[in-house]
$ cat target29.cif   # mmCIF, C-alpha atoms and all ligand atoms
data_upload
#
loop_
_atom_site.label_atom_id
_atom_site.label_comp_id
_atom_site.auth_asym_id
_atom_site.auth_seq_id
_atom_site.Cartn_x
_atom_site.Cartn_y
_atom_site.Cartn_z
CA MET A 1 6.62 13.07 -19.09
CA ASP A 2 3.64 10.76 -19.00
CA HIS A 3 1.31 9.17 -21.50
CA PHE A 4 -1.97 10.95 -20.72
CA LEU A 5 -2.42 13.47 -23.55
CA TYR A 6 -5.27 15.04 -25.48
CA LYS A 7 -5.86 14.23 -29.14
CA ASN A 8 -8.65 16.12 -30.93
CA GLY A 9 -10.10 17.18 -27.58
CA GLU A 10 -10.23 13.60 -26.21
CA LEU A 11 -8.01 12.46 -23.36
CA LEU A 12 -5.93 9.40 -24.22
CA ALA A 13 -4.20 6.97 -21.88
CA GLU A 14 -1.38 5.83 -24.19
CA ASN A 15 -3.40 4.92 -27.31
CA CYS A 16 -6.69 4.19 -25.53
CA GLN A 17 -9.53 6.69 -25.28
CA VAL A 18 -10.23 7.37 -21.62
CA ALA A 19 -13.95 7.98 -22.27
CA GLU A 20 -14.19 4.57 -23.91
CA LEU A 21 -12.49 2.92 -20.93
CA ALA A 22 -14.87 4.72 -18.57
CA ARG A 23 -17.87 3.44 -20.55
CA THR A 24 -16.48 -0.11 -20.69
CA TYR A 25 -15.34 -0.49 -17.09
CA GLY A 26 -17.59 2.05 -15.36
CA THR A 27 -16.62 4.82 -12.96
CA PRO A 28 -15.07 5.61 -10.58
CA LEU A 29 -12.04 4.07 -12.25
CA TYR A 30 -8.27 4.11 -11.83
CA ILE A 31 -6.29 3.95 -15.07
CA TYR A 32 -2.53 3.34 -15.11
CA SER A 33 -0.09 3.58 -18.00
CA ARG A 34 2.46 0.80 -18.28
CA ALA A 35 4.77 2.90 -20.48
CA THR A 36 4.80 5.69 -17.90
CA LEU A 37 5.56 3.33 -15.01
CA GLU A 38 8.42 1.79 -16.97
CA ARG A 39 9.75 5.16 -18.07
CA HIS A 40 9.85 6.45 -14.50
CA TRP A 41 11.53 3.30 -13.18
CA HIS A 42 14.17 3.43 -15.93
CA ALA A 43 14.79 7.13 -15.17
CA PHE A 44 15.92 6.08 -11.68
CA ASP A 45 17.82 3.02 -12.77
CA ARG A 46 19.71 4.89 -15.50
CA ALA A 47 20.52 7.77 -13.19
CA VAL A 48 22.73 5.45 -11.10
CA ALA A 49 23.71 3.05 -13.87
CA ASN A 50 27.43 3.52 -13.24
CA HIS A 51 27.27 2.87 -9.52
CA PRO A 52 26.25 -0.27 -7.58
CA HIS A 53 22.61 0.23 -6.71
CA LEU A 54 19.18 -1.28 -6.19
CA ILE A 55 15.89 0.45 -6.97
CA CYS A 56 13.33 -0.76 -4.41
CA TYR A 57 9.95 0.56 -5.49
CA ALA A 58 7.87 1.55 -2.41
CA VAL A 59 4.93 -0.82 -2.65
CA LYS A 60 2.65 1.34 -0.49
CA ALA A 61 2.34 3.87 -3.33
CA ASN A 62 0.50 1.41 -5.56
CA SER A 63 0.44 -2.27 -4.73
CA ASN A 64 -1.74 -3.70 -7.49
CA LEU A 65 -0.23 -7.04 -8.54
CA ALA A 66 -0.05 -5.97 -12.19
CA VAL A 67 1.86 -2.81 -11.25
CA LEU A 68 4.31 -4.83 -9.14
CA ASN A 69 4.66 -7.40 -11.89
CA VAL A 70 5.47 -4.77 -14.54
CA LEU A 71 8.25 -3.46 -12.28
CA ALA A 72 9.46 -6.95 -11.28
CA ARG A 73 9.90 -7.74 -14.98
CA LEU A 74 12.26 -4.75 -15.21
CA GLY A 75 14.31 -6.27 -12.38
CA SER A 76 13.05 -3.91 -9.70
CA GLY A 77 13.48 -4.50 -6.01
CA PHE A 78 10.73 -3.55 -3.54
CA ASP A 79 10.44 -1.61 -0.30
CA ILE A 80 7.73 -3.17 1.85
CA VAL A 81 6.22 -2.29 5.21
CA SER A 82 4.06 -5.32 6.02
CA GLY A 83 3.59 -9.03 5.51
CA GLY A 84 0.73 -8.12 3.20
CA GLU A 85 2.99 -6.11 0.95
CA LEU A 86 5.62 -8.86 1.01
CA SER A 87 3.00 -11.41 -0.04
CA ARG A 88 1.89 -9.15 -2.87
CA VAL A 89 5.48 -8.86 -4.12
CA ILE A 90 5.88 -12.65 -4.13
CA GLU A 91 2.47 -13.15 -5.76
CA ALA A 92 3.48 -10.66 -8.47
CA GLY A 93 6.72 -12.51 -9.24
CA GLY A 94 9.06 -10.16 -7.37
CA ASP A 95 12.42 -11.43 -6.11
CA PRO A 96 12.55 -11.61 -2.28
CA LYS A 97 16.32 -11.16 -2.44
CA LYS A 98 15.66 -7.63 -3.68
CA VAL A 99 13.21 -6.73 -0.91
CA VAL A 100 13.93 -4.27 1.90
CA PHE A 101 11.55 -4.30 4.86
CA SER A 102 10.85 -0.86 6.36
CA GLY A 103 8.38 0.16 9.05
CA VAL A 104 8.34 0.94 12.77
CA GLY A 105 6.18 -1.95 13.95
CA LYS A 106 7.17 -5.27 12.37
CA THR A 107 5.50 -8.22 14.08
CA VAL A 108 7.15 -11.55 14.89
CA ASP A 109 5.07 -13.24 12.18
CA GLU A 110 6.21 -10.70 9.62
CA MET A 111 9.85 -11.15 10.67
CA GLU A 112 9.54 -14.93 10.32
CA MET A 113 7.97 -14.67 6.92
CA ALA A 114 10.65 -12.30 5.64
CA LEU A 115 13.48 -14.42 7.09
CA ASN A 116 12.08 -17.58 5.55
CA LEU A 117 11.85 -15.87 2.17
CA GLY A 118 15.42 -14.57 2.48
CA ILE A 119 14.88 -10.85 1.94
CA HIS A 120 17.72 -8.45 1.15
CA CYS A 121 17.57 -6.42 4.35
CA PHE A 122 15.49 -5.38 7.37
CA ASN A 123 15.44 -1.63 7.95
CA VAL A 124 15.30 -1.72 11.75
CA GLU A 125 13.79 1.30 13.47
CA SER A 126 14.46 0.78 17.20
CA ALA A 127 16.67 -1.00 19.74
CA ALA A 128 13.67 -3.07 20.85
CA GLU A 129 12.95 -4.24 17.31
CA LEU A 130 16.62 -5.17 16.91
CA GLU A 131 16.49 -7.47 19.96
CA GLN A 132 13.26 -9.05 18.74
CA LEU A 133 14.63 -9.69 15.25
CA ASN A 134 17.77 -11.29 16.73
CA LEU A 135 15.64 -13.72 18.78
CA VAL A 136 13.42 -14.63 15.83
CA ALA A 137 16.44 -15.19 13.56
CA LEU A 138 18.19 -17.40 16.14
CA ARG A 139 15.02 -19.44 16.66
CA LEU A 140 14.82 -20.07 12.90
CA GLY A 141 18.56 -20.76 12.64
CA LYS A 142 19.04 -17.79 10.33
CA ILE A 143 21.09 -14.62 10.25
CA ALA A 144 19.02 -11.49 9.60
CA PRO A 145 20.63 -8.88 7.34
CA VAL A 146 20.01 -5.50 8.95
CA SER A 147 20.29 -1.84 8.29
CA LEU A 148 19.40 0.72 10.95
CA ARG A 149 17.07 3.53 10.01
CA ILE A 150 18.56 6.66 11.48
CA ASN A 151 16.56 9.80 11.96
CA PRO A 152 18.94 12.50 10.72
CA ASP A 153 16.80 15.34 12.17
CA VAL A 154 16.47 17.36 8.99
CA ASP A 155 13.43 19.32 7.88
CA ALA A 156 12.14 17.92 4.60
CA GLY A 157 10.03 21.03 4.06
CA THR A 158 6.97 19.00 3.13
CA HIS A 159 3.49 18.47 4.58
CA PRO A 160 3.76 17.62 8.32
CA TYR A 161 1.83 14.35 7.86
CA ILE A 162 4.43 13.08 5.36
CA SER A 163 7.54 14.53 6.98
CA THR A 164 9.44 11.77 8.75
CA GLY A 165 13.02 12.87 9.36
CA LEU A 166 12.58 15.21 12.31
CA LYS A 167 13.35 14.22 15.90
CA GLU A 168 9.70 14.74 16.82
CA ASN A 169 8.59 12.06 14.30
CA LYS A 170 8.11 8.44 15.34
CA PHE A 171 10.46 7.10 12.69
CA GLY A 172 13.98 5.74 13.00
CA ILE A 173 16.67 5.78 15.66
CA ALA A 174 17.99 9.09 16.99
CA MET A 175 21.41 10.00 15.63
CA GLU A 176 22.85 10.28 19.14
CA ASP A 177 21.96 6.62 19.79
CA ALA A 178 23.17 5.37 16.43
CA GLU A 179 26.67 4.19 17.37
CA SER A 180 25.61 2.32 20.50
CA ILE A 181 22.75 0.53 18.71
CA PHE A 182 24.97 -0.30 15.73
CA THR A 183 27.53 -1.72 18.16
CA ARG A 184 24.82 -3.85 19.75
CA ALA A 185 23.63 -5.02 16.30
CA HIS A 186 27.22 -5.93 15.41
CA GLU A 187 27.48 -8.11 18.54
CA LEU A 188 24.18 -9.96 18.29
CA PRO A 189 24.68 -13.44 16.81
CA GLY A 190 21.41 -13.53 14.85
CA LEU A 191 22.13 -10.33 12.94
CA GLN A 192 24.52 -9.16 10.29
CA VAL A 193 24.94 -5.41 9.85
CA LYS A 194 24.67 -4.49 6.17
CA GLY A 195 23.63 -0.91 5.88
CA VAL A 196 22.39 2.41 7.10
CA ASP A 197 19.05 3.78 6.08
CA CYS A 198 17.12 7.02 6.24
CA HIS A 199 13.89 8.36 4.80
CA ILE A 200 13.13 11.97 5.61
CA GLY A 201 9.73 12.47 4.06
CA SER A 202 7.67 12.41 0.92
CA GLN A 203 6.95 14.86 -1.92
CA LEU A 204 10.25 16.71 -1.48
CA THR A 205 10.74 19.28 -4.21
CA GLU A 206 14.28 20.40 -3.31
CA ILE A 207 17.56 18.48 -3.26
CA LYS A 208 18.99 20.26 -0.22
CA PRO A 209 17.25 18.26 2.56
CA PHE A 210 18.37 15.01 0.88
CA LEU A 211 21.97 16.27 0.84
CA ASP A 212 21.81 17.48 4.44
CA ALA A 213 20.60 14.02 5.47
CA MET A 214 23.28 12.36 3.37
CA ASP A 215 26.09 14.42 4.93
CA ARG A 216 24.99 13.39 8.40
CA MET A 217 24.66 9.75 7.39
CA LEU A 218 28.08 9.65 5.67
CA ALA A 219 29.67 11.13 8.77
CA LEU A 220 28.02 8.35 10.78
CA ILE A 221 29.29 5.70 8.34
CA ASP A 222 32.84 7.06 8.86
CA ARG A 223 32.46 6.94 12.64
CA LEU A 224 31.17 3.37 12.40
CA ALA A 225 34.22 2.36 10.32
CA GLU A 226 36.41 3.58 13.19
CA LEU A 227 34.48 1.22 15.47
CA GLY A 228 35.20 -1.63 13.04
CA ILE A 229 31.63 -1.73 11.68
CA ILE A 230 31.83 -1.76 7.92
CA ILE A 231 28.74 -0.62 6.06
CA GLU A 232 28.01 -2.15 2.63
CA HIS A 233 25.03 -0.11 1.55
CA PHE A 234 23.37 3.21 2.14
CA ASP A 235 19.60 3.23 1.71
CA VAL A 236 18.59 6.80 0.93
CA GLY A 237 14.85 6.09 1.22
CA GLY A 238 12.27 7.54 -1.11
CA GLY A 239 10.62 10.93 -1.10
CA LEU A 240 11.44 12.52 -4.43
CA GLY A 241 8.49 14.75 -5.31
CA VAL A 242 6.45 15.00 -8.48
CA THR A 243 4.64 17.76 -10.33
CA TYR A 244 1.01 17.97 -9.25
CA ASP A 245 0.59 21.64 -10.16
CA ASP A 246 3.58 23.86 -10.87
CA GLU A 247 6.18 22.26 -8.57
CA THR A 248 9.54 21.70 -10.21
CA PRO A 249 11.11 18.81 -8.28
CA PRO A 250 14.54 17.63 -9.38
CA GLN A 251 14.46 14.87 -11.98
CA PRO A 252 15.90 11.50 -10.90
CA ASP A 253 19.15 12.09 -12.82
CA ALA A 254 19.82 15.47 -11.14
CA TYR A 255 18.88 14.02 -7.76
CA ALA A 256 21.06 10.93 -8.20
CA SER A 257 24.06 12.84 -9.50
CA ALA A 258 23.92 15.24 -6.55
CA LEU A 259 23.93 12.25 -4.18
CA LEU A 260 26.72 10.50 -6.09
CA GLU A 261 28.85 13.63 -5.98
CA ARG A 262 28.50 13.74 -2.19
CA LEU A 263 29.37 10.05 -2.01
CA GLY A 264 32.76 10.73 -3.59
CA ASP A 265 34.85 7.61 -4.11
CA ARG A 266 33.13 5.55 -1.44
CA LYS A 267 32.18 2.10 -2.69
CA LEU A 268 28.84 2.01 -0.86
CA LYS A 269 25.96 0.47 -2.77
CA LEU A 270 23.01 2.87 -2.94
CA ILE A 271 19.44 1.71 -2.36
CA PHE A 272 16.56 3.96 -3.45
CA GLU A 273 12.95 3.54 -2.31
CA PRO A 274 10.92 5.69 -4.71
CA GLY A 275 7.16 5.31 -4.67
CA ARG A 276 5.44 8.49 -5.80
CA ALA A 277 8.08 9.43 -8.38
CA ILE A 278 7.38 6.16 -10.20
CA ALA A 279 3.64 5.76 -9.78
CA ALA A 280 1.91 9.12 -9.23
CA ASN A 281 1.92 10.48 -12.76
CA ALA A 282 1.46 7.01 -14.21
CA GLY A 283 -2.18 7.02 -13.11
CA ILE A 284 -5.41 8.98 -13.34
CA PHE A 285 -8.66 8.65 -11.45
CA VAL A 286 -11.76 8.95 -13.63
CA THR A 287 -15.08 9.99 -12.23
CA GLN A 288 -18.44 10.93 -13.78
CA VAL A 289 -20.47 14.05 -13.03
CA LEU A 290 -23.79 12.97 -11.50
CA TYR A 291 -25.36 16.36 -10.85
CA LEU A 292 -24.52 20.02 -11.10
CA LYS A 293 -25.93 22.36 -8.52
CA GLY A 294 -25.29 25.83 -7.28
CA ASN A 295 -26.38 28.69 -5.13
CA SER A 296 -25.62 32.39 -5.26
CA ASP A 297 -22.08 31.75 -3.93
CA LYS A 298 -20.98 28.39 -5.20
CA HIS A 299 -21.16 25.87 -8.01
CA PHE A 300 -20.84 22.21 -7.15
CA ALA A 301 -20.17 19.29 -9.44
CA LEU A 302 -21.30 16.15 -7.62
CA VAL A 303 -19.28 13.27 -8.98
CA ASP A 304 -19.40 9.51 -8.40
CA GLY A 305 -15.85 9.36 -7.01
CA ALA A 306 -15.25 10.39 -3.41
CA MET A 307 -12.83 10.66 -0.51
CA ASN A 308 -13.10 6.93 0.07
CA ASP A 309 -11.64 6.39 -3.42
CA LEU A 310 -9.03 9.16 -3.36
CA ILE A 311 -8.36 10.63 0.07
CA ARG A 312 -5.35 12.86 -0.62
CA PRO A 313 -7.33 16.09 -1.17
CA SER A 314 -9.34 15.55 2.05
CA LEU A 315 -6.49 14.28 4.20
CA TYR A 316 -3.60 16.53 3.20
CA SER A 317 -5.43 19.33 1.36
CA ALA A 318 -3.49 17.97 -1.60
CA TRP A 319 -4.09 19.69 -4.92
CA GLN A 320 -4.41 17.45 -7.96
CA LYS A 321 -5.23 18.66 -11.46
CA ILE A 322 -8.79 17.88 -12.60
CA ILE A 323 -9.38 17.90 -16.35
CA PRO A 324 -12.27 16.99 -18.63
CA VAL A 325 -11.98 13.64 -20.39
CA VAL A 326 -13.67 15.16 -23.44
CA GLN A 327 -13.11 18.89 -23.83
CA ARG A 328 -16.24 20.90 -24.50
CA GLN A 329 -16.70 24.45 -25.77
CA GLY A 330 -18.64 26.87 -23.59
CA GLU A 331 -18.49 29.04 -20.55
CA ASN A 332 -16.29 27.96 -17.65
CA LEU A 333 -17.75 28.16 -14.16
CA ASN A 334 -15.93 27.89 -10.87
CA TYR A 335 -16.74 24.48 -9.37
CA ASP A 336 -16.01 22.54 -6.23
CA ILE A 337 -15.73 18.90 -7.30
CA VAL A 338 -17.36 16.93 -4.50
CA GLY A 339 -18.29 13.31 -3.90
CA PRO A 340 -21.36 11.54 -2.46
CA VAL A 341 -19.81 10.80 0.97
CA CYS A 342 -21.53 12.47 3.91
CA GLU A 343 -18.63 14.64 5.05
CA THR A 344 -17.90 18.28 4.30
CA GLY A 345 -14.30 17.20 3.77
CA ASP A 346 -15.35 15.00 0.86
CA PHE A 347 -13.94 16.85 -2.12
CA LEU A 348 -11.56 16.05 -4.94
CA GLY A 349 -10.84 19.66 -5.81
CA LYS A 350 -12.05 23.17 -5.05
CA ASP A 351 -12.41 26.27 -7.20
CA ARG A 352 -11.82 24.61 -10.53
CA GLU A 353 -12.66 26.51 -13.72
CA LEU A 354 -14.50 24.00 -15.87
CA CYS A 355 -17.25 23.79 -18.46
CA LEU A 356 -19.39 20.85 -17.39
CA GLU A 357 -22.64 19.00 -18.02
CA SER A 358 -23.96 16.11 -16.03
CA GLY A 359 -22.73 12.82 -17.42
CA ASP A 360 -19.30 14.27 -18.26
CA TYR A 361 -16.20 12.37 -17.24
CA LEU A 362 -13.43 14.09 -15.30
CA ALA A 363 -9.88 12.85 -14.80
CA VAL A 364 -7.99 13.58 -11.60
CA ARG A 365 -4.35 13.58 -12.66
CA SER A 366 -1.35 12.23 -10.68
CA SER A 367 -3.47 9.59 -8.94
CA GLY A 368 -1.26 6.55 -9.53
CA ALA A 369 0.43 6.83 -6.11
CA TYR A 370 -1.41 6.80 -2.77
CA GLY A 371 -4.71 6.69 -4.63
CA PHE A 372 -6.21 3.22 -4.69
CA THR A 373 -3.90 1.99 -1.89
CA MET A 374 -5.44 4.50 0.52
CA SER A 375 -9.02 3.84 -0.57
CA SER A 376 -11.63 2.45 1.82
CA ASN A 377 -15.21 1.28 1.94
CA TYR A 378 -16.44 4.26 3.95
CA ASN A 379 -20.18 4.84 3.41
CA SER A 380 -20.28 1.21 2.19
CA ARG A 381 -18.94 2.20 -1.18
CA PRO A 382 -17.35 -0.65 -3.16
CA ARG A 383 -13.79 0.10 -4.18
CA SER A 384 -13.09 1.17 -7.77
CA ALA A 385 -11.93 -0.98 -10.62
CA GLU A 386 -8.35 -0.56 -11.87
CA VAL A 387 -7.23 -0.78 -15.49
CA MET A 388 -3.74 -0.77 -16.98
CA VAL A 389 -3.25 0.41 -20.54
CA ASP A 390 -0.40 -0.86 -22.66
CA GLY A 391 -0.36 0.84 -26.07
CA GLU A 392 -3.73 0.08 -27.68
CA GLN A 393 -4.55 -2.62 -25.14
CA ALA A 394 -6.44 -2.11 -21.89
CA HIS A 395 -6.36 -4.74 -19.15
CA LEU A 396 -8.71 -4.92 -16.19
CA ILE A 397 -6.22 -5.43 -13.33
CA ARG A 398 -8.74 -5.28 -10.50
CA LYS A 399 -12.46 -5.82 -10.79
CA ARG A 400 -14.80 -3.35 -9.19
CA GLU A 401 -15.85 -4.65 -5.78
CA THR A 402 -19.35 -6.07 -5.61
CA LEU A 403 -21.88 -5.18 -2.93
CA SER A 404 -21.76 -8.64 -1.34
CA GLN A 405 -17.95 -8.34 -1.03
CA LEU A 406 -18.61 -5.42 1.29
CA TRP A 407 -19.86 -7.69 4.06
CA GLN A 408 -17.84 -10.75 3.17
CA GLY A 409 -16.53 -12.18 6.44
CA GLU A 410 -19.19 -10.51 8.57
CA GLN A 411 -21.55 -12.64 10.63
CA LEU A 412 -25.03 -12.19 12.14
CA LEU A 413 -25.50 -13.15 15.79
CA PRO A 414 -27.10 -16.60 16.27
N1 LIG B 501 10.42 4.52 2.11
C1 LIG B 501 9.80 4.70 3.28
C2 LIG B 501 10.40 4.15 4.50
C3 LIG B 501 8.57 5.40 3.33
O1 LIG B 501 7.96 5.59 4.50
C4 LIG B 501 8.00 5.91 2.14
C5 LIG B 501 6.73 6.64 2.15
C6 LIG B 501 8.69 5.69 0.93
C7 LIG B 501 9.90 5.00 0.96
C8 LIG B 501 8.17 6.18 -0.38
O2 LIG B 501 8.13 7.57 -0.42
P1 LIG B 501 7.80 8.32 -1.80
O3 LIG B 501 8.95 8.09 -2.73
O4 LIG B 501 6.57 7.77 -2.33
O5 LIG B 501 7.68 9.74 -1.39
N2 LIG B 501 0.17 9.02 1.60
C9 LIG B 501 1.05 10.16 1.45
C10 LIG B 501 2.49 9.72 1.31
C11 LIG B 501 2.97 8.88 2.46
C12 LIG B 501 4.39 8.42 2.30
C13 LIG B 501 4.76 7.42 3.35
N3 LIG B 501 6.08 6.87 3.21
C14 LIG B 501 0.58 10.98 0.27
O6 LIG B 501 -0.40 10.61 -0.38
O7 LIG B 501 1.13 12.03 -0.02
#

$ encode --input "target29.cif" --output "structure tokens"
Amino acid sequence: MDHFLYKNGELLAENCQVAELARTYGTPLYIYSRATLERHWHAFDRAVANHPHLICYAVKANSNLAVLNVLARLGSGFDIVSGGELSRVIEAGGDPKKVVFSGVGKTVDEMEMALNLGIHCFNVESAAELEQLNLVALRLGKIAPVSLRINPDVDAGTHPYISTGLKENKFGIAMEDAESIFTRAHELPGLQVKGVDCHIGSQLTEIKPFLDAMDRMLALIDRLAELGIIIEHFDVGGGLGVTYDDETPPQPDAYASALLERLGDRKLKLIFEPGRAIAANAGIFVTQVLYLKGNSDKHFALVDGAMNDLIRPSLYSAWQKIIPVVQRQGENLNYDIVGPVCETGDFLGKDRELCLESGDYLAVRSSGAYGFTMSSNYNSRPRSAEVMVDGEQAHLIRKRETLSQLWQGEQLLP
């Protein structure tokens, strides 16, 4: 459930009229709902309320400071993949002790920063990274808490670009190397082994791949115990899917109870890294129709939002619902919704039955995750503004970029 609903033919974001927000802040525009973000976070937190756990929101899904701050106020932890994301978490009032650091290519600077801030855990992805982290920790006179990300070699059944748990993917440590690298981690003086970690992919709509991964990881945890390596937490990663169209992914409570059942009476703390499940349906992307045009085969609605603002349709052929901000009566035509960027792949949606006139606003649903964070300045287009609604209130949480910001930091030759 989210808080983007029609009332008398007008789309509302909580109690704010979307058309009014579009007129006030301009388009293209991202709009997020605080109540929806909070609701989704609580759904996870409640689902594991009776078991030791930490919800570490995956910052990459939506890293606006206001979004992070809303979640930090709920007591959320954060899953980060760069020094930039870590700085955002701190800037937004997040607690570094609740931060887990994922990612295959952490730099020495990023390791230092995270050690100095005292993060909860490093999710280490290779033997080489483990050695590097040990050296950095010793140099700083610290002990790095570590978890090893193991690649359980399960098929997440999702888009190949966002599937991460197969042997052929670059992520994690192969299961057959797990015990030897854990043993090495256990011996290194700058490290303390805390957990095991896996993340098999994103937008999973079935529970089974999660359970397959969990079975393999629990078996590993048992083998490690026999080697005298005691694991305190199991980080199950993120990946729970959302409804974009007619998918029926498990809800967080069903997902969590299936995992807890598999866990049995083990005392392991569970860490979750949800991104999309919290943010996707808490946001819409609003764009205005500039021109309508057509030929004998096709109708096009040229809109002011483009692939640089929302790349998921172009990059993954992702389907996101596109709805009118103000419903109008009349004949529907079949439109491709396309942006001004000079690429054939620049579309937000294809074959959409809509009744449109130029000047109309359209809302692309489910845009709160991997929307703004993946936006760029391609075609020298300033990035969109972002607004967060909270009941009747709307807050501008990121100003639209100005033209001069586009070349800020660039320099002419002398
Ligand atoms: N943890 C790790 C280590 C991850 O790599 C990811 C996402 C997450 C957690 C969060 O996964 P989520 O709960 O959001 O599925 N840009 C793509 C999605 C890329 C996901 C990358 N990793 C998209 O727009 O579909």

$ atom_distance --input "target29.cif" --atom1 "CA of Gly228 (chain A)" --atom2 "CA of Thr183 (chain A)"
9.2 Å

$ closest_atom_pairs --input "target29.cif" --of "chain A" --to "ligand LIG 501 (chain B)" --cutoff "6 Å" --atoms "all atoms listed in the file" --output "Markdown table"
| residue | atom | partner | partner_atom | distance |
| --- | --- | --- | --- | --- |
| A:Ala58 | CA | B:LIG501 | C8 | 5.1 |
| A:Ala61 | CA | B:LIG501 | O4 | 5.8 |
| A:Ser102 | CA | B:LIG501 | C2 | 5.4 |
| A:Ile162 | CA | B:LIG501 | C11 | 5.3 |
| A:His199 | CA | B:LIG501 | C2 | 5.5 |
| A:Ser202 | CA | B:LIG501 | O5 | 3.5 |
| A:Gln203 | CA | B:LIG501 | O5 | 5.2 |
| A:Gly237 | CA | B:LIG501 | N1 | 4.8 |
| A:Gly238 | CA | B:LIG501 | O3 | 3.7 |
| A:Gly239 | CA | B:LIG501 | O5 | 3.2 |
| A:Leu240 | CA | B:LIG501 | O3 | 5.4 |
| A:Glu273 | CA | B:LIG501 | C7 | 4.7 |
| A:Pro274 | CA | B:LIG501 | O3 | 3.7 |
| A:Gly275 | CA | B:LIG501 | O4 | 3.4 |
| A:Arg276 | CA | B:LIG501 | O4 | 3.7 |
| A:Ala277 | CA | B:LIG501 | O3 | 5.9 |
| A:Arg312 | CA | B:LIG501 | O6 | 5.4 |
| A:Tyr370 | CA | B:LIG501 | O6 | 4.6 |

$ residues_around --input "target29.cif" --residues "Val108 (chain A)" --least-positions-apart "4" --cutoff "8 Å" --atoms "all atoms listed in the file" --output "PyMOL selection string"
chain A and resi 112+132-133+136

$ closest_residue --input "target29.cif" --among "A:Ser375, A:Asn64, A:Ser33, A:Ser358" --to "Lys293 (chain A)" --atoms "all atoms listed in the file"
A:Ser358

$ residues_around --input "target29.cif" --residues "region 351-353 of chain A" --least-positions-apart "5" --cutoff "9 Å" --atoms "all atoms listed in the file" --output "VMD selection string"
chain A and resid 299 321 to 322 332 to 337

$ residues_near_point --input "target29.cif" --point "(-7.6, 19.8, -28.3)" --cutoff "12 Å" --atoms "all atoms listed in the file" --output "PyMOL selection string"
chain A and resi 5-12+324-329

$ closest_residue --input "target29.cif" --among "A:Ser76, A:Asn295, A:Ser366, A:Ser63" --to "Phe4 (chain A)" --atoms "only C-alpha atoms"
A:Ser366

$ atom_distance --input "target29.cif" --atom1 "CA of Arg34 (chain A)" --atom2 "CA of Asp390 (chain A)"
5.5 Å
